[in-house]
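Step one of this worksheet: look at the structure below.
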Amino acid sequence: MRRTTVAAPFACLVAALGAGCGGTDDASPDTSSTPAARSAGTLEALWRAPGEDVAVVAGTSDHEVGANRVSFLVVDKQSRLVEQPTAKVWIARGLKQRPFATGTARLESIGVPGGESADDVGGIYVTTIEASRPGTYWFLAEPVGGRRVQALGTVVVRARSMAPSVNDRALPTRTPTLASTGGKLAELTTSQTPDRALYERSLAQALAAKEPFVVTFATPQFCQTRTCGPGVDVVSAVRKRPFFFFFFLLNFEIYSDNDPAKGVNRWVKEWRLPTEPFTYVVDRTGVIRTKLEGAFSLGELARAVAAVR
């Protein structure tokens with residue numbers, strides 16, 4: 001098992017079960033554990049099973065009715081990451097209700113070798129939660145292997161996500177490019193190792209070309225979660241892979257004039273992004289086929305790209 005101390009800002013989430021910093025869900029688990037709850041096979045009974053009760057740190061927050069990609073960290077009481085290749089997942093509508101679904105979360109590696117740092121976070125668990133209606137869904141994650149721990153979390157589901165989602169049409173925003181800035185790369189990215197190919201086209205131009213593309217809204221220098229830099233590196237790495245050369249790949253910063261004091265820029269507002277980073281895979285007809293909120297792996301993005309080749 002790889003155990004890593006969680007660096008800020010991830011540490012600000014450790015004390016919360018379920019929602020991330022500034023999350024909208026204020027639910028807290030009932031700490032009672034009755035024989036009736038155990039015998040009923042509730043989510044609480046699973047949580048109260050032998051093993052350490054630990055925290056989930058949410059990696060996604062923009063969920064809607066339907067299938068949702070949900071990512072999270074598992075953190076023990078010493079603020080160390082608990083990382084195993086997989087984790088069992090149970091999902092219920094309440095702590096004292098029986099799970100209505102089970103699944104597997106897989107640990108996905110963040111970033112690429114030699115790329116931007118992710119605060120010593122090597123990977124993040126990713127699973128799918130199917131939500132039939134809006135509300136708060138509870139889930140329990142138990143990493144497979146090593147010492148036994150149970151991590152409890154919640155997912156708040158809206159009728160519709162705030163940001164554009166799968167099957168929505170991408171917005172033809174006139175984002176800046178190398179041409180529009182006179183070749184001034186520093187105006188387009190805060191990355192320490194920028195890939196010029198990510199700044200050659202605007203969103204409007206990519207859509208007009210009627211070719212598939214990947215767009216990531218991320219600011220490597222000012223990212224609140226320190227996973228934006230790794231995400232931009234992953235997008236750049238996919239561009240260099242064989243057979244993906246025909247994809248357009250785009251990166252756009254978050255803040256006006258790359259200055260957090262000025263607030264988010266107009267394309268973030270137009271796309272209604274509640275957090276960052278957000279990454280989308282768009283097909284040649286302009287329809288969003290994959291939405292990746294927060295951190296993601298090279299494998300996740302490569303599979304999403306391959307699906308719309």
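Going through the structure tokens in order, the chains are called A, B, and so on, while each chain numbers its residues from 1 and the ligands are numbered from 1 in the order shown.
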Thr190 in chain A environment, 8 Å, only C-alpha atoms, sequence neighbours closer than 5 positions dropped, as a VMD selection string: chain A and resid 219 to 221 253 258
Atoms to include: C-alpha atoms. Write the selected residues as a short mmCIF file (atom, residue, chain, number, x, y, z; two decimals), in the first residue's frame.
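See selection-v5.cif below for the written result:
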```cif
data_model
loop_
_atom_site.label_atom_id
_atom_site.label_comp_id
_atom_site.auth_asym_id
_atom_site.auth_seq_id
_atom_site.Cartn_x
_atom_site.Cartn_y
_atom_site.Cartn_z
CA THR A 219 -4.90 26.96 -14.79
CA PRO A 220 -1.65 25.16 -13.86
CA GLN A 221 -0.31 27.97 -11.68
CA GLU A 253 -6.97 29.45 -18.55
CA ASN A 258 -4.42 35.13 -15.70
#
```
Arg284 in chain A environment, 10 Å, only C-alpha atoms, sequence neighbours closer than 4 positions dropped, as a VMD selection string: chain A and resid 206 to 213 247 288 308 to 309
Those of range 189-284 of chain A in DSSP helix (DSSP H, G or I), formatted as a PyMOL selection string: chain A and resi 196-199+203-208+228-239+256-258+260-262+266-270
Close residues, Arg201 in chain A itself excluded, 8 Å, only C-alpha atoms, min 4 positions apart in chain, as a list in words: Pro176, Thr177, Leu178, Gln205, Ala206 and Leu250 of chain A
Spatial neighbours of range 127-133 of chain A, max dist 9 Å, only C-alpha atoms, sep filter under 3 positions, as a VMD selection string: chain A and resid 63 to 72 89 91 101 103 to 106 137 155 157 to 159
Which of A:Glu270, A:Asp283, A:Glu293, A:Glu44 sits closest to Ala151 in chain A [using only C-alpha atoms]: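 Result for the nearest residue to Ala151 in chain A: A:Glu44.
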Among listed residues A:Ala92, A:Ala302, A:Thr42, A:Arg48, nearest Lys240 in chain A (using only C-alpha atoms): A:Ala302
Test item: residues at most 8 Å from Val268 in chain A, only C-alpha atoms, excluding those fewer than 5 positions along its chain, as an NGL selection string: :A and (217 or 254 or 273)
